[in-house]
>>> print(open('query.pdb').read())   # PDB, C-alpha atoms, pLDDT in the B column
ATOM      1  CA  MET A   1     121.540  43.267 -64.314  1.00 62.00           C
ATOM      2  CA  ASP A   2     121.173  44.574 -67.873  1.00 70.00           C
ATOM      3  CA  ILE A   3     121.941  48.152 -68.874  1.00 69.00           C
ATOM      4  CA  PHE A   4     120.486  49.095 -72.277  1.00 74.00           C
ATOM      5  CA  GLY A   5     119.990  45.405 -72.978  1.00 80.00           C
ATOM      6  CA  VAL A   6     123.696  44.636 -72.473  1.00 81.00           C
ATOM      7  CA  GLY A   7     124.699  42.365 -69.596  1.00 87.00           C
ATOM      8  CA  PRO A   8     127.960  42.395 -67.619  1.00 87.00           C
ATOM      9  CA  LEU A   9     129.416  39.385 -69.454  1.00 90.00           C
ATOM     10  CA  GLU A  10     128.807  41.039 -72.812  1.00 91.00           C
ATOM     11  CA  VAL A  11     130.561  44.238 -71.657  1.00 87.00           C
ATOM     12  CA  LEU A  12     133.513  42.174 -70.450  1.00 90.00           C
ATOM     13  CA  LEU A  13     133.694  40.425 -73.834  1.00 91.00           C
ATOM     14  CA  VAL A  14     133.730  43.764 -75.701  1.00 88.00           C
ATOM     15  CA  VAL A  15     136.513  45.125 -73.433  1.00 86.00           C
ATOM     16  CA  LEU A  16     138.612  41.995 -73.938  1.00 90.00           C
ATOM     17  CA  LEU A  17     138.145  42.133 -77.711  1.00 90.00           C
ATOM     18  CA  ALA A  18     139.170  45.814 -77.702  1.00 86.00           C
ATOM     19  CA  LEU A  19     142.326  44.983 -75.747  1.00 86.00           C
ATOM     20  CA  VAL A  20     143.248  42.185 -78.123  1.00 88.00           C
ATOM     21  CA  LEU A  21     142.483  44.161 -81.328  1.00 87.00           C
ATOM     22  CA  PHE A  22     143.914  47.577 -80.441  1.00 83.00           C
ATOM     23  CA  GLY A  23     146.397  46.903 -77.683  1.00 83.00           C
ATOM     24  CA  PRO A  24     146.645  48.723 -74.369  1.00 81.00           C
ATOM     25  CA  ARG A  25     148.262  51.890 -75.787  1.00 83.00           C
ATOM     26  CA  ASP A  26     145.757  52.649 -78.588  1.00 85.00           C
ATOM     27  CA  ILE A  27     142.576  51.877 -76.625  1.00 84.00           C
ATOM     28  CA  ALA A  28     142.225  55.456 -75.295  1.00 84.00           C
ATOM     29  CA  HIS A  29     142.725  56.988 -78.749  1.00 88.00           C
ATOM     30  CA  ASN A  30     140.215  54.614 -80.383  1.00 85.00           C
ATOM     31  CA  ALA A  31     137.642  55.114 -77.600  1.00 84.00           C
ATOM     32  CA  ARG A  32     137.938  58.912 -78.021  1.00 90.00           C
ATOM     33  CA  SER A  33     137.485  58.543 -81.804  1.00 91.00           C
ATOM     34  CA  ALA A  34     134.433  56.317 -81.312  1.00 86.00           C
ATOM     35  CA  GLY A  35     132.959  58.852 -78.848  1.00 91.00           C
ATOM     36  CA  ARG A  36     133.439  61.731 -81.315  1.00 95.00           C
ATOM     37  CA  PHE A  37     131.873  59.679 -84.103  1.00 93.00           C
ATOM     38  CA  LEU A  38     128.833  58.806 -81.961  1.00 89.00           C
ATOM     39  CA  ASN A  39     128.479  62.446 -80.863  1.00 93.00           C
ATOM     40  CA  ARG A  40     128.452  63.649 -84.488  1.00 94.00           C
ATOM     41  CA  LEU A  41     126.035  60.871 -85.418  1.00 91.00           C
ATOM     42  CA  TYR A  42     123.554  61.695 -82.645  1.00 90.00           C
ATOM     43  CA  LYS A  43     123.588  65.417 -83.500  1.00 93.00           C
ATOM     44  CA  SER A  44     123.163  64.908 -87.255  1.00 92.00           C
ATOM     45  CA  ASP A  45     119.964  65.605 -89.184  1.00 94.00           C
ATOM     46  CA  ALA A  46     119.977  62.069 -90.575  1.00 92.00           C
ATOM     47  CA  TRP A  47     119.844  60.612 -87.039  1.00 90.00           C
ATOM     48  CA  ARG A  48     117.001  62.972 -86.093  1.00 93.00           C
ATOM     49  CA  THR A  49     115.066  62.040 -89.242  1.00 94.00           C
ATOM     50  CA  MET A  50     115.599  58.341 -88.582  1.00 92.00           C
ATOM     51  CA  ASN A  51     114.345  58.705 -84.982  1.00 91.00           C
ATOM     52  CA  GLU A  52     111.255  60.641 -86.114  1.00 93.00           C
ATOM     53  CA  ALA A  53     110.447  58.007 -88.745  1.00 92.00           C
ATOM     54  CA  SER A  54     110.958  55.240 -86.211  1.00 91.00           C
ATOM     55  CA  SER A  55     108.676  56.973 -83.715  1.00 91.00           C
ATOM     56  CA  ALA A  56     106.028  57.562 -86.377  1.00 90.00           C
ATOM     57  CA  LEU A  57     106.088  53.895 -87.363  1.00 91.00           C
ATOM     58  CA  ARG A  58     105.880  52.757 -83.732  1.00 90.00           C
ATOM     59  CA  ASN A  59     102.884  55.037 -83.075  1.00 88.00           C
ATOM     60  CA  LEU A  60     101.118  54.365 -86.386  1.00 87.00           C
ATOM     61  CA  PRO A  61      98.847  51.506 -85.178  1.00 81.00           C
ATOM     62  CA  ASN A  62      97.676  53.525 -82.150  1.00 82.00           C
ATOM     63  CA  ARG A  63      97.083  56.638 -84.253  1.00 84.00           C
ATOM     64  CA  LEU A  64      95.106  54.696 -86.861  1.00 81.00           C
ATOM     65  CA  ALA A  65      92.995  53.094 -84.138  1.00 78.00           C
ATOM     66  CA  ARG A  66      92.268  56.517 -82.595  1.00 80.00           C
ATOM     67  CA  GLU A  67      91.331  57.988 -85.976  1.00 78.00           C
ATOM     68  CA  ALA A  68      89.063  55.038 -86.812  1.00 78.00           C
ATOM     69  CA  GLU A  69      87.387  55.302 -83.434  1.00 80.00           C
ATOM     70  CA  LEU A  70      86.879  59.044 -83.923  1.00 76.00           C
ATOM     71  CA  ASP A  71      85.272  58.396 -87.301  1.00 74.00           C
ATOM     72  CA  GLN A  72      82.948  55.857 -85.720  1.00 78.00           C
ATOM     73  CA  LEU A  73      82.096  58.243 -82.882  1.00 76.00           C
ATOM     74  CA  ASP A  74      81.360  61.029 -85.368  1.00 78.00           C
ATOM     75  CA  GLN A  75      79.045  58.719 -87.296  1.00 80.00           C
ATOM     76  CA  VAL A  76      77.189  57.728 -84.106  1.00 81.00           C
ATOM     77  CA  ARG A  77      76.886  61.408 -83.117  1.00 80.00           C
ATOM     78  CA  ARG A  78      75.504  62.290 -86.555  1.00 83.00           C
ATOM     79  CA  ASP A  79      73.010  59.429 -86.324  1.00 84.00           C
ATOM     80  CA  LEU A  80      71.835  60.606 -82.905  1.00 82.00           C
ATOM     81  CA  ASP A  81      71.624  64.259 -83.933  1.00 83.00           C
ATOM     82  CA  ALA A  82      69.638  63.537 -87.109  1.00 78.00           C
ATOM     83  CA  PRO A  83      65.909  64.162 -86.601  1.00 73.00           C
ATOM     84  CA  GLN A  84      63.886  60.986 -86.449  1.00 68.00           C
ATOM     85  CA  ARG A  85      60.812  61.786 -88.525  1.00 62.00           C
ATOM     86  CA  PRO A  86      58.834  59.545 -90.850  1.00 58.00           C
ATOM     87  CA  PRO A  87      58.757  60.188 -94.608  1.00 56.00           C
ATOM     88  CA  ALA A  88      56.588  63.073 -95.892  1.00 54.00           C
ATOM     89  CA  GLU A  89      54.073  60.752 -97.583  1.00 59.00           C
ATOM     90  CA  ALA A  90      53.161  59.051 -94.318  1.00 54.00           C
ATOM     91  CA  THR A  91      52.179  62.220 -92.444  1.00 59.00           C
ATOM     92  CA  PRO A  92      49.278  64.259 -93.790  1.00 57.00           C
ATOM     93  CA  PRO A  93      49.760  68.026 -93.651  1.00 54.00           C
ATOM     94  CA  ALA A  94      47.987  69.967 -90.962  1.00 58.00           C
ATOM     95  CA  ALA A  95      44.571  71.260 -92.009  1.00 58.00           C
ATOM     96  CA  GLY A  96      45.476  74.920 -91.597  1.00 58.00           C
ATOM     97  CA  MET A  97      48.738  74.590 -93.553  1.00 56.00           C
ATOM     98  CA  ALA A  98      47.408  72.602 -96.506  1.00 57.00           C
ATOM     99  CA  ALA A  99      47.569  75.610 -98.824  1.00 57.00           C
ATOM    100  CA  TRP A 100      51.203  76.252 -97.910  1.00 58.00           C
ATOM    101  CA  THR A 101      52.607  72.796 -98.485  1.00 58.00           C
ATOM    102  CA  PRO A 102      53.765  71.638-101.903  1.00 59.00           C
ATOM    103  CA  GLU A 103      52.196  68.219-101.353  1.00 60.00           C
ATOM    104  CA  ALA A 104      48.714  69.727-100.922  1.00 54.00           C
ATOM    105  CA  THR A 105      46.349  69.022-103.796  1.00 56.00           C
ATOM    106  CA  PRO A 106      43.246  71.081-104.453  1.00 56.00           C
ATOM    107  CA  SER A 107      40.981  68.073-103.988  1.00 59.00           C
ATOM    108  CA  THR A 108      38.481  69.922-101.796  1.00 60.00           C
ATOM    109  CA  PRO A 109      37.975  73.659-101.695  1.00 59.00           C
ATOM    110  CA  PRO A 110      38.267  75.285 -98.282  1.00 60.00           C
ATOM    111  CA  ALA A 111      35.008  75.383 -96.357  1.00 64.00           C
ATOM    112  CA  GLU A 112      33.138  78.699 -96.516  1.00 68.00           C
ATOM    113  CA  GLU A 113      32.180  80.384 -93.317  1.00 69.00           C
ATOM    114  CA  PRO A 114      28.396  80.762 -92.816  1.00 69.00           C
ATOM    115  CA  ALA A 115      27.044  84.238 -93.552  1.00 70.00           C
ATOM    116  CA  PRO A 116      26.077  86.302 -90.529  1.00 72.00           C
ATOM    117  CA  PRO A 117      22.299  86.557 -89.918  1.00 75.00           C
ATOM    118  CA  ASP A 118      20.463  89.610 -91.335  1.00 72.00           C
ATOM    119  CA  PRO A 119      19.560  92.171 -88.672  1.00 71.00           C
ATOM    120  CA  ASP A 120      16.132  92.923 -90.356  1.00 62.00           C
TER
END
>>> encode(input="query.pdb", output="C-alpha cells")
Amino acid sequence: MDIFGVGPLEVLLVVLLALVLFGPRDIAHNARSAGRFLNRLYKSDAWRTMNEASSALRNLPNRLAREAELDQLDQVRRDLDAPQRPPAEATPPAAGMAAWTPEATPSTPPAEEPAPPDPD
C-alpha cells in the first residue's frame, strides 16, 4: 500500500539511512529541525507562488480548450443570429417605397390618377 507514492519498503530504507547517518541520539533533534524547515517552507510566499504556477500550468490545456470552444460557439451564435437576406441588387424595391430607396432611379414617373368625372 502506497502513501503519497511512497511504499513501506522505501519508508524502511529512509529510517535505516537516518539511523546510520545521524545515530540514535540525534534522530529526534534532526527530525524536529526537518519538520520546522518544512513548516516554514509550506507557509512561505515562494511555496504559494510555486503551487499557483503549477496549478495554472496543469489547468492551461483545459482552459485553452474551453476558451477556444467558447469562441467557436460565439461564432456559430453570430452566424445564426445574422439575418439571412439576399443582396440588395437581387430584390427590387417595393412599388410604394421606390421614391424612398436610394437604389430607385427615376426611370418611369409615377402614374397619375385619373381625373374625376365632371358633374355637368
>>> atom_distance(input="query.pdb", atom1="atom CA of Arg78 of chain A", atom2="atom CA of Arg63 of chain A")
22.4 Å
>>> atom_distance(input="query.pdb", atom1="atom CA of Trp47 of chain A", atom2="atom CA of Phe4 of chain A")
18.7 Å
>>> atom_distance(input="query.pdb", atom1="atom CA of Ala31 of chain A", atom2="atom CA of Ala18 of chain A")
9.4 Å
>>> axis_aligned_box(input="query.pdb", around="segment 66-75 of chain A", padding_each_side="4 Å", output="lines of an AutoDock Vina configuration file")
center_x = 85.7
center_y = 58.0
center_z = -84.9
size_x = 21.2
size_y = 14.0
size_z = 12.7
